[in-house]
Each structure stands twice: as C-alpha cells, then as structure tokens.
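Heads up, the thing below is written out as structure tokens.
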Amino acid sequence: MIIRRVASLRQTLMRRVQVRQQGSAAGFPTSFNHAKWRRVYPFQDFDRKGYVNGSNDFATWGEMSAKKVGVELDDEAKKCWVTAGQKYFGDTKSYDEWVEYMVEFVKNYPNYIEISEQLNIEMFKGIDLNKDGVVSLDEYKALVTSVFPDLSDDDIQYGFDMIDENKDGVLSQSEVSIAWARYYFDGDDTKYRHFYGKWDEEI
C-alpha cells in the first residue's frame, strides 16, 4: 500500500514538472496564471471531491447563483453552464490535469484569447438569469459569492466596476466575455485579476 502511494505521488510530481516545462517553453502558464488558477480551482470543486467535473460542478455553480437571486435555473440556462464547464474542463480533472489541458489549448490555438471570449458567451447566457441581455450587480454578486462567499460588498462592487468598461451600470456580453478570458489567460498582472471581486494578494 505504501509503495503504491509513493509511486502515485511520484507520478503526480513528474506530471507537475512536465506541465511546468511545457508551459515554460511557450511562456505560459506564468506564475501569475498559476496564482489566479489556484485561487479559483478549489472553490469550483462544489462536491468537495478534490477535482472539478465540467458538467456536475458547473451545473451546481449555476444552481447556487440562481438561488441567490431567487430564481430557478431552467433547462436552457443549466445547459449553458454545463456546456461552458465541458469546454473549460472537459471531464473530471485534477488541478495538474487541468493545467495540462489549458497548456494544450494555448499551444493549439494561437488566438486563444479570442476563442476563450467566444466560449464565455455560454457562461454569460447562464449568468444572465433573468434573460434581459445584461448582467446586473445582483447577478454578478450571485456568480462570485457562489465561489467566494466571504467577499465584502465593496470587493464585489470593485470587481463589477472593473468589468463595466462603459460605466452604464450593467455588464454586457462583450464586457464579461473579455474580462473572464483575460482573468484566466493574461500572464501578467492586469486589472482583470479582480474578475471575481477585488483581490490584492501579493504574487
């Protein structure tokens, strides 16, 4: 049993080194990418099983967000959450497997930012819980507090205002899609680190 655990741990560590080497060759992922991803990944594991499943966990995320604004997640919206989860995670993935998945995505698609923006349209449809074509502060708050329940109202407002480029008090599909893509794929420290609410941790 002990030998098997040591072998499993060694395999995990070797995969981690391999992923770091693959990413370094293309300058991706940076240490800042990893910091942002490690911040979010554990909280997207809604079943608390130690891994994220693109279908189940994202469906749970959508249901939690809907409940926070007092609506029921209908089949169409749930499908949007599941579709987005499948695109970003595929099947069940540990953190290292997900990093490997992201590295392959960047390697295979030079215009990965633009493609990611398109993928985020599905997420936008899921977040727009009342289907009015924009995301309100309440809908954004439901999204981020389902992942980070201890965020203060000021930190939530800060993230919302950062995404709201034209300052019209709501978030458009374009604003959300761009900001979300930049959160995950910007290798440098940019304002998009605050997508899930204000985050001032030193990296």
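Naming scheme: A, B, ... for chains in displayed order of the structure tokens; residues 1 onward per chain; ligands 1 onward as shown.
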
Original post:
Which residues, written as a PyMOL selection string, have at least one atom at most 10 Å from range 168-178 of chain A, with only C-alpha atoms counted and residues fewer than 3 positions away on the same chain left out?
Top reply: chain A and resi 113-114+116-125+127-128+133-140+160-165+181-183+192+195

**OP:** Measuring atom to atom with only C-alpha atoms, identify which of A:Val71, A:Met64, A:Met102, A:Ile156 is nearest to Phe185 in chain A.
**Re:**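 Closest to Phe185 in chain A of all the choices is A:Met102.
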
Shell around Tyr158 in chain A at 8 Å using only C-alpha atoms, local window under 4 positions removed, as a PDB file with C-alpha atoms, in the first residue's frame:
```pdb
ATOM      1  CA  ASP A 154     -17.059  46.697  -1.535  1.00  0.00           C
ATOM      2  CA  MET A 162     -13.692  46.906 -13.328  1.00  0.00           C
ATOM      3  CA  HIS A 194     -10.198  41.340  -9.995  1.00  0.00           C
ATOM      4  CA  GLY A 197     -14.001  40.628  -6.901  1.00  0.00           C
ATOM      5  CA  LYS A 198     -11.150  42.718  -5.568  1.00  0.00           C
TER       6      LYS A 198
END
```

Just the residues within 10 Å of Ala59 in chain A, please, counting only C-alpha atoms, with nothing from its chain fewer than 4 positions along; format it as a JSON list (two decimals) with all heavy atoms, in the first residue's frame.
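Final output, part09.json:
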```json
[["chain", "number", "residue", "atom", "x", "y", "z"],
["A", 46, "PHE", "N", -17.35, 22.00, -6.21],
["A", 46, "PHE", "CA", -18.50, 22.16, -5.33],
["A", 46, "PHE", "C", -18.86, 20.88, -4.59],
["A", 46, "PHE", "O", -19.47, 20.91, -3.53],
["A", 46, "PHE", "CB", -19.70, 22.68, -6.12],
["A", 46, "PHE", "CG", -19.56, 24.10, -6.56],
["A", 46, "PHE", "CD1", -19.19, 24.41, -7.85],
["A", 46, "PHE", "CD2", -19.77, 25.13, -5.67],
["A", 46, "PHE", "CE1", -19.04, 25.72, -8.26],
["A", 46, "PHE", "CE2", -19.63, 26.46, -6.06],
["A", 46, "PHE", "CZ", -19.26, 26.75, -7.36],
["A", 53, "ASN", "N", -15.41, 18.62, -12.03],
["A", 53, "ASN", "CA", -16.09, 17.98, -13.15],
["A", 53, "ASN", "C", -16.83, 19.07, -13.92],
["A", 53, "ASN", "O", -17.66, 19.78, -13.36],
["A", 53, "ASN", "CB", -17.06, 16.92, -12.64],
["A", 53, "ASN", "CG", -17.82, 16.25, -13.78],
["A", 53, "ASN", "OD1", -18.76, 16.82, -14.32],
["A", 53, "ASN", "ND2", -17.40, 15.05, -14.14],
["A", 54, "GLY", "N", -16.53, 19.19, -15.21],
["A", 54, "GLY", "CA", -17.08, 20.28, -16.01],
["A", 54, "GLY", "C", -18.58, 20.31, -16.06],
["A", 54, "GLY", "O", -19.18, 21.39, -16.18],
["A", 55, "SER", "N", -19.22, 19.16, -15.98],
["A", 55, "SER", "CA", -20.68, 19.11, -16.03],
["A", 55, "SER", "C", -21.31, 19.33, -14.65],
["A", 55, "SER", "O", -22.07, 20.28, -14.43],
["A", 55, "SER", "CB", -21.15, 17.77, -16.60],
["A", 55, "SER", "OG", -20.72, 17.61, -17.93],
["A", 63, "GLU", "N", -26.83, 26.62, -10.34],
["A", 63, "GLU", "CA", -27.98, 26.48, -9.44],
["A", 63, "GLU", "C", -27.80, 27.34, -8.19],
["A", 63, "GLU", "O", -28.77, 27.97, -7.71],
["A", 63, "GLU", "CB", -28.16, 25.01, -9.06],
["A", 63, "GLU", "CG", -28.66, 24.15, -10.22],
["A", 63, "GLU", "CD", -28.51, 22.67, -9.97],
["A", 63, "GLU", "OE1", -27.94, 22.30, -8.91],
["A", 63, "GLU", "OE2", -28.95, 21.87, -10.81],
["A", 64, "MET", "N", -26.58, 27.40, -7.67],
["A", 64, "MET", "CA", -26.31, 28.23, -6.49],
["A", 64, "MET", "C", -26.49, 29.70, -6.82],
["A", 64, "MET", "O", -27.07, 30.46, -6.03],
["A", 64, "MET", "CB", -24.90, 27.97, -5.98],
["A", 64, "MET", "CG", -24.70, 26.60, -5.34],
["A", 64, "MET", "SD", -22.97, 26.30, -4.86],
["A", 64, "MET", "CE", -22.75, 27.53, -3.57],
["A", 65, "SER", "N", -26.01, 30.12, -8.00],
["A", 65, "SER", "CA", -26.14, 31.51, -8.41],
["A", 65, "SER", "C", -27.61, 31.90, -8.56],
["A", 65, "SER", "O", -28.04, 32.96, -8.11],
["A", 65, "SER", "CB", -25.40, 31.74, -9.74],
["A", 65, "SER", "OG", -24.02, 31.51, -9.60],
["A", 73, "LEU", "N", -33.09, 27.81, -11.86],
["A", 73, "LEU", "CA", -32.29, 27.64, -13.07],
["A", 73, "LEU", "C", -33.04, 26.73, -14.03],
["A", 73, "LEU", "O", -33.25, 25.55, -13.76],
["A", 73, "LEU", "CB", -30.93, 27.03, -12.71],
["A", 73, "LEU", "CG", -29.84, 27.11, -13.79],
["A", 73, "LEU", "CD1", -29.38, 28.55, -13.98],
["A", 73, "LEU", "CD2", -28.65, 26.22, -13.43],
["A", 77, "ALA", "N", -30.74, 27.49, -19.27],
["A", 77, "ALA", "CA", -29.62, 28.11, -18.55],
["A", 77, "ALA", "C", -28.66, 27.05, -18.02],
["A", 77, "ALA", "O", -27.43, 27.21, -18.07],
["A", 77, "ALA", "CB", -30.14, 28.98, -17.42],
["A", 78, "LYS", "N", -29.23, 25.96, -17.50],
["A", 78, "LYS", "CA", -28.38, 24.89, -16.98],
["A", 78, "LYS", "C", -27.50, 24.31, -18.10],
["A", 78, "LYS", "O", -26.32, 24.01, -17.89],
["A", 78, "LYS", "CB", -29.23, 23.78, -16.38],
["A", 78, "LYS", "CG", -28.43, 22.67, -15.71],
["A", 78, "LYS", "CD", -29.33, 21.68, -14.98],
["A", 78, "LYS", "CE", -28.51, 20.62, -14.27],
["A", 78, "LYS", "NZ", -29.38, 19.68, -13.50],
["A", 79, "LYS", "N", -28.08, 24.19, -19.29],
["A", 79, "LYS", "CA", -27.31, 23.67, -20.43],
["A", 79, "LYS", "C", -26.15, 24.59, -20.74],
["A", 79, "LYS", "O", -25.05, 24.14, -21.10],
["A", 79, "LYS", "CB", -28.23, 23.54, -21.65],
["A", 79, "LYS", "CG", -27.53, 22.94, -22.86],
["A", 79, "LYS", "CD", -28.50, 22.79, -24.03],
["A", 79, "LYS", "CE", -27.77, 22.22, -25.26],
["A", 79, "LYS", "NZ", -28.71, 22.09, -26.42],
["A", 80, "CYS", "N", -26.35, 25.90, -20.61],
["A", 80, "CYS", "CA", -25.26, 26.86, -20.86],
["A", 80, "CYS", "C", -24.12, 26.66, -19.87],
["A", 80, "CYS", "O", -22.94, 26.68, -20.24],
["A", 80, "CYS", "CB", -25.79, 28.29, -20.75],
["A", 80, "CYS", "SG", -26.90, 28.78, -22.09],
["A", 81, "TRP", "N", -24.47, 26.47, -18.59],
["A", 81, "TRP", "CA", -23.43, 26.23, -17.57],
["A", 81, "TRP", "C", -22.68, 24.93, -17.85],
["A", 81, "TRP", "O", -21.44, 24.89, -17.77],
["A", 81, "TRP", "CB", -24.08, 26.15, -16.18],
["A", 81, "TRP", "CG", -24.41, 27.48, -15.60],
["A", 81, "TRP", "CD1", -25.58, 28.16, -15.72],
["A", 81, "TRP", "CD2", -23.54, 28.30, -14.81],
["A", 81, "TRP", "NE1", -25.51, 29.35, -15.05],
["A", 81, "TRP", "CE2", -24.27, 29.46, -14.47],
["A", 81, "TRP", "CE3", -22.24, 28.16, -14.34],
["A", 81, "TRP", "CZ2", -23.72, 30.48, -13.69],
["A", 81, "TRP", "CZ3", -21.69, 29.17, -13.56],
["A", 81, "TRP", "CH2", -22.43, 30.32, -13.25],
["A", 82, "VAL", "N", -23.39, 23.88, -18.17],
["A", 82, "VAL", "CA", -22.75, 22.59, -18.43],
["A", 82, "VAL", "C", -21.88, 22.67, -19.68],
["A", 82, "VAL", "O", -20.74, 22.15, -19.69],
["A", 82, "VAL", "CB", -23.82, 21.48, -18.60],
["A", 82, "VAL", "CG1", -23.18, 20.19, -19.11],
["A", 82, "VAL", "CG2", -24.52, 21.23, -17.26],
["A", 83, "THR", "N", -22.36, 23.34, -20.72],
["A", 83, "THR", "CA", -21.58, 23.48, -21.95],
["A", 83, "THR", "C", -20.29, 24.23, -21.68],
["A", 83, "THR", "O", -19.21, 23.83, -22.14],
["A", 83, "THR", "CB", -22.40, 24.23, -23.03],
["A", 83, "THR", "OG1", -23.57, 23.48, -23.33],
["A", 83, "THR", "CG2", -21.58, 24.42, -24.29],
["A", 84, "ALA", "N", -20.38, 25.31, -20.93],
["A", 84, "ALA", "CA", -19.18, 26.08, -20.59],
["A", 84, "ALA", "C", -18.21, 25.25, -19.76],
["A", 84, "ALA", "O", -16.99, 25.27, -19.99],
["A", 84, "ALA", "CB", -19.57, 27.35, -19.84],
["A", 85, "GLY", "N", -18.74, 24.51, -18.79],
["A", 85, "GLY", "CA", -17.89, 23.67, -17.95],
["A", 85, "GLY", "C", -17.17, 22.61, -18.76],
["A", 85, "GLY", "O", -15.98, 22.33, -18.55],
["A", 126, "GLY", "N", -25.68, 31.84, -19.06],
["A", 126, "GLY", "CA", -26.04, 31.21, -17.80],
["A", 126, "GLY", "C", -26.11, 32.20, -16.65],
["A", 126, "GLY", "O", -26.95, 32.07, -15.75]]
```

Original post:
In terms of the shortest atom-to-atom distance over only C-alpha atoms, which of A:Pro110, A:Val52, A:Gly62, A:Leu129 is closest to Lys93 in chain A?
Top reply: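 Nearest candidate to Lys93 in chain A out of A:Pro110, A:Val52, A:Gly62, A:Leu129: A:Val52.
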
**OP:** Would you return as a PyMOL selection string the members of chain A that DSSP assigns to strand (DSSP E or B) on this structure's backbone?
**Re:** chain A and resi 52+93+135+171

**OP:** Kindly indicate which residue among A:Asn56, A:Thr190, A:Gln44, A:Asn166 lies nearest to Val144 in chain A, using only C-alpha atoms for the distances.
**Re:**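 Checking each candidate against Val144 in chain A, we get A:Gln44 as the closest.
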
**OP:** Taking the chain letters and numbering used in this document, name the residues of range 11-187 of chain A that DSSP puts in alpha helix (DSSP H), as a ChimeraX atom specification.
**Re:** /A:11-25,31-44,56-68,75-89,95-108,112-127,137-147,153-163,173-185

Original post:
Of the residues A:Thr60, A:Gln157, A:Asn130, A:Thr30, which is the one nearest to Tyr184 in chain A, using only C-alpha atoms?
Top reply: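 Smallest separation from Tyr184 in chain A among the options: A:Thr30.
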
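Take the candidates A:Tyr112, A:Trp180, A:Tyr88, A:Phe43 and check each one against Val147 in chain A using only C-alpha atoms; the shortest distance goes to A:Phe43.
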
Original post:
Taking only C-alpha atoms into account, which of A:Tyr109, A:Ser152, A:Glu104, A:Asp96 comes nearest Trp37 in chain A?
Top reply: A:Asp96

Subject >> Residues near Ala35 in chain A, cut-off 12 Å, only C-alpha atoms, skip fewer than 2 positions along chain, as a list in words >> reply: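 Selected residues are Pro29, Thr30, Ser31, Phe32, Asn33, Trp37, Arg38, Arg39, Val40, Tyr41, Val99, Tyr183, Tyr184, Phe185, Asp186, Gly187, Asp188, Asp189, Arg193, Trp199, Asp200, Glu201, Glu202 and Ile203 of chain A.
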